[in-house]
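See below for query_5.txt, which holds compact mmCIF, C-alpha atoms.
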```
# COMPACT_ATOMS: atom_id res chain seq x y z
CA MET F 9 26.97 27.75 0.88
CA LYS F 10 30.07 27.76 -1.31
CA LYS F 11 32.03 29.46 1.48
CA THR F 12 30.80 26.86 4.00
CA ARG F 13 31.68 23.99 1.63
CA LEU F 14 35.22 25.29 1.14
CA GLU F 15 35.64 25.80 4.89
CA GLN F 16 34.65 22.16 5.44
CA GLN F 17 37.07 21.14 2.65
CA TYR F 18 34.43 19.41 0.52
CA THR F 19 34.60 19.25 -3.27
CA LEU F 20 31.55 19.46 -5.48
CA ASP F 21 32.05 15.80 -6.39
CA GLN F 22 31.90 14.84 -2.70
CA MET F 23 28.77 16.94 -2.14
CA GLU F 24 27.15 15.31 -5.21
CA GLU F 25 27.71 11.90 -3.57
CA ILE F 26 26.33 13.09 -0.19
CA THR F 27 23.25 14.94 -1.45
CA LYS F 28 22.62 12.87 -4.62
CA ILE F 29 22.14 16.20 -6.45
CA ARG F 30 24.02 16.58 -9.72
CA LYS F 31 27.27 18.51 -9.56
CA SER F 32 26.09 20.95 -12.24
CA TYR F 33 23.02 21.80 -10.11
CA LEU F 34 25.12 22.36 -6.99
CA GLN F 35 27.43 24.68 -8.94
CA ALA F 36 24.41 26.56 -10.33
CA ILE F 37 23.08 27.04 -6.77
CA GLU F 38 26.44 28.47 -5.58
CA GLU F 39 26.55 30.86 -8.57
CA GLY F 40 22.86 31.85 -8.34
CA LYS F 41 22.03 30.48 -11.81
CA TYR F 42 18.61 29.13 -10.86
CA ASN F 43 17.43 28.95 -14.47
CA ILE F 44 19.67 25.88 -14.93
CA LEU F 45 17.74 23.96 -12.24
CA PRO F 46 14.78 21.77 -13.35
CA GLY F 47 11.85 23.95 -12.30
CA ASN F 48 11.14 26.30 -9.39
CA PHE F 49 9.96 23.58 -7.01
CA TYR F 50 13.12 21.52 -7.50
CA ALA F 51 15.28 24.65 -7.22
CA ARG F 52 14.01 25.36 -3.71
CA ALA F 53 14.16 21.67 -2.74
CA PHE F 54 17.77 21.35 -3.95
CA ILE F 55 18.83 24.51 -2.11
CA LYS F 56 17.25 23.28 1.12
CA SER F 57 18.87 19.82 0.80
CA TYR F 58 22.27 21.35 0.01
CA ALA F 59 22.07 23.67 3.04
CA GLU F 60 21.15 20.84 5.42
CA ALA F 61 23.94 18.62 4.05
CA LEU F 62 26.41 21.42 4.91
CA GLY F 63 25.01 21.59 8.44
CA LEU F 64 23.31 24.95 7.86
CA ASP F 65 19.84 25.92 9.08
CA SER F 66 17.83 25.47 5.88
CA ASN F 67 14.94 27.64 7.11
CA HIS F 68 17.37 30.47 7.88
CA VAL F 69 18.99 30.13 4.45
CA MET F 70 15.61 30.17 2.68
CA GLU F 71 14.57 33.26 4.67
CA LEU F 72 17.80 35.14 3.84
CA TYR F 73 17.45 34.52 0.11
CA LYS F 74 13.65 34.50 -0.22
CA ASN F 75 13.73 37.56 -2.51
CA VAL F 76 16.14 35.97 -5.01
CA LEU F 77 15.06 32.33 -4.84
CA PRO F 78 12.49 31.15 -7.43
CA GLN F 79 8.97 30.75 -6.08
CA ALA F 80 7.63 27.19 -5.86
CA TYR F 81 4.26 26.30 -7.29
CA ALA F 82 1.78 24.08 -5.52
CA GLN F 83 2.50 20.46 -6.22
CA PRO F 84 -0.28 17.91 -6.56
CA THR F 85 -0.58 15.56 -3.61
CA ASN F 86 -0.28 11.83 -4.13
CA ALA F 87 -2.87 10.07 -1.99
CA THR F 88 -1.95 6.54 -1.07
CA SER F 89 -4.34 4.05 -0.04
CA THR F 90 -3.69 2.90 3.57
CA GLY F 91 -4.54 -0.74 3.21
CA ARG F 92 -6.29 -3.48 1.37
CA ARG F 93 -9.94 -4.09 2.46
CA LYS F 94 -11.39 -7.56 2.85
CA LYS F 95 -14.16 -8.39 0.36
CA ALA F 96 -17.59 -8.44 2.00
CA LEU F 97 -19.69 -11.60 1.64
CA ASN F 98 -22.97 -10.26 3.10
CA VAL F 99 -24.68 -9.78 -0.29
CA ASP F 100 -23.87 -13.33 -1.40
CA LYS F 101 -25.12 -14.74 1.93
CA VAL F 102 -28.43 -12.92 1.64
CA ALA F 103 -28.89 -14.07 -1.97
CA LYS F 104 -28.25 -17.71 -1.03
CA TRP F 105 -30.68 -17.59 1.91
CA VAL F 106 -33.37 -15.95 -0.21
CA SER F 107 -33.00 -18.63 -2.90
CA LEU F 108 -33.26 -21.39 -0.30
CA LEU F 109 -36.37 -19.87 1.32
CA LEU F 110 -38.05 -19.47 -2.06
CA PHE F 111 -37.36 -23.14 -2.85
CA ILE F 112 -38.85 -24.29 0.48
CA SER F 113 -41.86 -21.98 0.10
CA PHE F 114 -42.53 -23.34 -3.38
CA PHE F 115 -42.38 -26.92 -2.10
CA ILE F 116 -44.79 -26.15 0.76
CA LEU F 117 -47.14 -24.41 -1.69
CA ILE F 118 -47.25 -27.54 -3.89
CA VAL F 119 -48.10 -29.71 -0.87
CA VAL F 120 -50.92 -27.34 0.17
CA VAL F 121 -52.36 -27.30 -3.37
CA ILE F 122 -52.38 -31.10 -3.49
CA TYR F 123 -54.07 -31.31 -0.08
CA LEU F 124 -56.79 -28.82 -1.09
CA PHE F 125 -57.34 -30.66 -4.37
CA VAL F 126 -57.94 -33.96 -2.58
CA LEU F 127 -60.10 -32.33 0.09
CA LEU F 128 -62.39 -30.64 -2.44
CA ASN F 129 -62.81 -33.58 -4.81
CA GLY F 130 -63.37 -36.23 -2.14
CA GLU F 131 -62.51 -39.88 -2.47
CA SER F 132 -62.38 -41.56 -5.86
CA ASP F 133 -64.61 -44.51 -6.94
CA ASP F 134 -62.12 -47.08 -5.71
CA HIS F 135 -61.74 -45.15 -2.46
CA SER F 136 -58.13 -44.35 -3.23
CA ILE F 137 -56.46 -41.01 -3.59
CA GLN F 138 -54.41 -40.53 -6.73
CA MET F 139 -51.59 -38.18 -5.98
CA PRO F 140 -50.14 -36.16 -8.86
CA GLU F 141 -46.52 -36.66 -9.76
CA PRO F 142 -44.13 -34.54 -7.70
CA VAL F 143 -43.04 -31.32 -9.32
CA THR F 144 -39.37 -31.94 -8.61
CA GLY F 145 -37.63 -35.26 -8.92
CA ARG F 146 -35.60 -34.72 -5.75
CA PHE F 147 -38.45 -35.85 -3.44
CA ALA F 148 -39.82 -38.70 -5.56
CA ASP F 149 -39.96 -42.05 -3.69
CA SER F 150 -38.08 -40.43 -0.80
CA ASP F 151 -38.84 -39.75 2.85
CA GLU F 152 -36.45 -36.78 2.87
CA SER F 153 -37.97 -33.98 4.95
CA VAL F 154 -37.87 -30.23 4.49
CA GLU F 155 -35.63 -30.00 7.57
CA THR F 156 -33.06 -32.29 5.94
CA VAL F 157 -33.03 -30.15 2.78
CA PHE F 158 -32.61 -27.00 4.89
CA ASN F 159 -29.67 -28.48 6.86
CA ASP F 160 -27.92 -29.66 3.68
CA ALA F 161 -28.25 -26.22 2.10
CA GLU F 162 -26.91 -24.50 5.24
CA GLU F 163 -23.90 -26.85 5.37
CA ASN F 164 -23.13 -26.14 1.70
CA ASN F 165 -23.26 -22.39 2.39
CA VAL F 166 -20.78 -22.71 5.28
CA GLN F 167 -18.37 -24.76 3.13
CA GLU F 168 -18.55 -22.23 0.29
CA GLU F 169 -17.84 -19.32 2.67
CA LEU F 170 -14.82 -21.13 4.15
CA ALA F 171 -13.46 -21.80 0.64
CA GLU F 172 -13.86 -18.12 -0.31
CA GLU F 173 -12.13 -16.92 2.87
CA GLN F 174 -9.21 -19.30 2.33
CA ALA F 175 -8.84 -18.08 -1.26
CA GLU F 176 -8.51 -14.50 0.03
CA GLU F 177 -5.63 -15.24 2.39
CA VAL F 178 -2.58 -13.17 1.40
CA VAL F 179 0.94 -14.62 1.40
CA ALA F 180 3.25 -12.67 3.72
CA SER F 181 5.49 -10.21 1.89
CA THR F 182 9.27 -10.75 1.75
CA VAL F 183 12.13 -8.22 1.75
CA THR F 184 15.36 -9.37 0.06
CA LEU F 185 18.75 -7.64 -0.21
CA VAL F 186 19.57 -7.82 -3.94
CA GLU F 187 22.76 -5.76 -4.14
CA GLN F 188 25.11 -3.60 -2.02
CA VAL F 189 27.59 -1.20 -3.64
CA ASN F 190 29.50 0.88 -1.06
CA ASN F 191 26.78 2.64 0.95
CA VAL F 192 23.97 1.95 -1.56
CA TYR F 193 21.66 -0.98 -0.66
CA THR F 194 19.09 -2.37 -3.11
CA TYR F 195 16.16 -4.37 -1.72
CA GLU F 196 13.26 -6.12 -3.46
CA VAL F 197 9.83 -6.48 -1.83
CA ALA F 198 7.75 -9.43 -3.08
CA ASN F 199 4.18 -10.73 -2.49
CA THR F 200 2.79 -7.20 -2.03
CA ASP F 201 1.94 -4.13 -4.09
CA GLN F 202 2.68 -1.59 -1.36
CA ILE F 203 5.77 -0.48 0.58
CA ASN F 204 5.28 0.41 4.27
CA ILE F 205 8.30 2.34 5.56
CA LYS F 206 9.00 2.91 9.26
CA ILE F 207 12.11 4.68 10.58
CA GLU F 208 12.97 4.84 14.31
CA TYR F 209 15.51 7.55 15.15
CA THR F 210 18.07 7.40 17.95
CA GLY F 211 19.36 10.87 17.17
CA ARG F 212 19.17 13.72 14.65
CA CYS F 213 19.22 12.26 11.13
CA TRP F 214 18.48 14.07 7.87
CA THR F 215 16.14 11.89 5.74
CA GLN F 216 14.93 12.23 2.17
CA ILE F 217 12.53 9.98 0.21
CA ARG F 218 12.30 10.06 -3.59
CA LYS F 219 9.94 8.36 -6.00
CA GLY F 220 11.56 5.67 -8.15
CA ASP F 221 15.32 6.22 -7.77
CA ALA F 222 18.01 8.70 -6.73
CA TYR F 223 16.92 11.21 -9.41
CA GLY F 224 13.17 10.85 -8.94
CA GLU F 225 10.67 13.31 -7.52
CA VAL F 226 11.23 14.27 -3.85
CA LEU F 227 8.24 12.84 -1.92
CA ASP F 228 9.32 13.91 1.56
CA GLU F 229 12.30 15.44 3.36
CA ILE F 230 12.68 15.74 7.13
CA THR F 231 15.29 16.10 9.88
CA PRO F 232 13.81 14.20 12.89
CA GLN F 233 15.12 14.30 16.44
CA GLN F 234 15.99 11.49 18.85
CA ASP F 235 13.14 9.04 19.66
CA ASP F 236 11.05 10.24 16.68
CA THR F 237 9.30 7.64 14.53
CA TYR F 238 8.51 8.30 10.87
CA THR F 239 6.15 6.28 8.63
CA PHE F 240 5.53 6.45 4.89
CA GLU F 241 3.55 4.34 2.39
CA SER F 242 4.04 4.00 -1.37
CA GLN F 243 2.92 1.76 -4.23
CA ASN F 244 5.97 2.76 -6.30
CA ASN F 245 9.68 2.04 -6.08
CA VAL F 246 11.37 4.47 -3.65
CA TRP F 247 14.84 5.82 -2.82
CA ILE F 248 15.72 6.62 0.81
CA SER F 249 18.70 8.78 1.84
CA LEU F 250 19.85 8.80 5.48
CA GLY F 251 22.35 11.43 6.63
CA ASN F 252 23.91 9.29 9.38
CA SER F 253 23.50 6.07 11.36
CA ASN F 254 21.05 7.40 13.98
CA ALA F 255 18.15 5.39 12.55
CA LYS F 256 16.63 1.92 12.26
CA LEU F 257 14.84 1.23 8.97
CA TYR F 258 11.88 -1.18 8.63
CA ILE F 259 10.21 -2.22 5.36
CA ASN F 260 6.84 -3.99 5.77
CA ASP F 261 7.79 -4.68 9.44
CA VAL F 262 11.13 -6.26 8.40
CA GLU F 263 14.20 -4.53 9.93
CA LEU F 264 16.91 -3.92 7.33
CA GLU F 265 20.63 -4.51 7.92
CA GLY F 266 22.63 -2.03 10.03
CA THR F 267 22.76 1.46 8.57
CA ASP F 268 25.99 3.25 7.64
CA VAL F 269 26.83 6.93 7.63
CA GLY F 270 25.26 8.39 4.50
CA MET F 271 23.31 5.17 3.78
CA ARG F 272 21.23 5.11 0.58
CA VAL F 273 18.48 2.48 0.12
CA GLN F 274 16.77 1.59 -3.17
CA ILE F 275 13.52 -0.36 -2.59
CA ASN F 276 11.81 -2.03 -5.56
CA VAL F 277 8.37 -3.66 -5.55
CA ALA F 278 8.51 -6.94 -7.50
CA GLY F 279 6.70 -6.52 -10.83
CA VAL F 280 6.64 -2.67 -10.69
CA ASN F 281 8.80 -1.12 -13.43
CA SER F 282 7.35 2.38 -13.51
CA ILE F 283 9.07 5.04 -11.40
```
Show this structure as structure tokens.
Amino acid sequence: MKKTRLEQQYTLDQMEEITKIRKSYLQAIEEGKYNILPGNFYARAFIKSYAEALGLDSNHVMELYKNVLPQAYAQPTNATSTGRRKKALNVDKVAKWVSLLLFISFFILIVVVIYLFVLLNGESDDHSIQMPEPVTGRFADSDESVETVFNDAEENNVQEELAEEQAEEVVASTVTLVEQVNNVYTYEVANTDQINIKIEYTGRCWTQIRKGDAYGEVLDEITPQQDDTYTFESQNNVWISLGNSNAKLYINDVELEGTDVGMRVQINVAGVNSI
């Protein structure tokens, strides 16, 4: 790789800018001092990224030096939830209907008890029936029927459900360009707690995604071909490196500004400080 770099007339400083790997790590790779690199997994990842940035076949390079390269250990996988689910209202609906039916049944039971009481005791001395006071004050001196009560309760349930559904509506997320320094673009995503990345490729384009920032953990690294589409989801801030301009980048379905050769994109979720 050192020979290839010198043939292409690149300095280590230039390769540090292209790969976003520290100069000291690149020099350690060229000199075979793998103990300087931060762990076996990162050693292999850095070597692969360096080879691809020089235009070499990374798989061929890894195969040639498999006996001298440090072995990577299995890395834990980060599962990301694929979407927010809408809160179910079925349990609340059933509870409200059960309460209403119990109320109506209790009212009917009171009416039946009164009727049986009058029927069994017959007419009073003055041939008048003395009705006991109603159990609930709602029906006193009122011609309101059970059907009216039922309809009112149903209408209240519908209004409560509409209010709950409106409260659950989510404001559309926004993607804002905060800063641009040379080929580094910084965007902020608001009104969401998740980043949905989509990249459409018009040609071969080396791509790397890191957690947090340019020095964070490598989450994914690919070299897609023309007409490929790549998607990725994260609830953390991410750093995206694109090798050339053969790509269109979308964040939460919003297309970002035109890409440059060697474009680097920092995407921050509003309110998320941890990387």
Atom CA of F:Arg212 to atom CA of F:Thr19, straight-line distance in Å: 24.3 Å
Mind giving me the straight-line distance from atom CA of F:Asn245 to atom CA of F:Val226 in Å, one decimal? 12.5 Å
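Counting all atoms listed in the file and comparing F:Leu250, F:Asp236, F:Glu229, F:Ser32, the residue that lies closest to F:Asn191 is F:Leu250.
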So which residues fall inside 12 Å of (20.8, -4.9, -2.2) if we count only C-alpha atoms? Mind giving them as a VMD selection string? chain F and resid 183 to 197 264 to 265 271 to 276
Please provide as a ChimeraX atom specification all residues within 6 Å of stretch 208-210 of chain F, with the sequence filter that same-chain residues fewer than 4 positions apart are discarded (counting all atoms listed in the file). /F:234-237,254-256
So what do you get for atom CA of F:Val246 versus atom CA of F:Ala278, distance-wise?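 One can read the atom CA of F:Val246 to atom CA of F:Ala278 distance as 12.4 Å.
Take the candidates F:Ile112, F:Ile29, F:Ala36, F:Ala59 and check each one against F:Asn159 using all atoms listed in the file; the shortest distance goes to F:Ile112.
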Nearest to F:Ser66 by atom-to-atom distance, counting only C-alpha atoms, from F:Phe49, F:Tyr258, F:Trp214, F:Phe240: F:Trp214
Which residue gives the smallest distance to F:Ser249 among F:Asn75, F:Ser181, F:Ser107, F:Gln216, with all atoms listed in the file counted?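 Of the candidates, the smallest distance to F:Ser249 is held by F:Gln216.
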Around all the atoms of stretch 244-258 of chain F listed in the file, with 8 Å of room on each side, what axis-aligned box do you get, giving centre and edge lengths in Å to one decimal, as JSON?
```
{"center_x": 14.9, "center_y": 5.1, "center_z": 3.8, "size_x": 33.9, "size_y": 28.6, "size_z": 36.3}
```
Return the single residue from F:Val121, F:Val99, F:Leu45, F:Leu72 that is closest to F:Lys31, with distances computed using all atoms listed in the file. F:Leu45
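Residues lying within 9 Å of F:Leu64, counting only C-alpha atoms and ignoring same-chain neighbours fewer than 5 positions away, are F:Met9, F:Thr12, F:Tyr58, F:Ala59, F:Val69.
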For a quick check of understanding, using all atoms listed in the file, which of F:Glu39, F:Glu162, F:Asp65, F:Glu60 has the smallest distance to F:Met23? F:Glu60
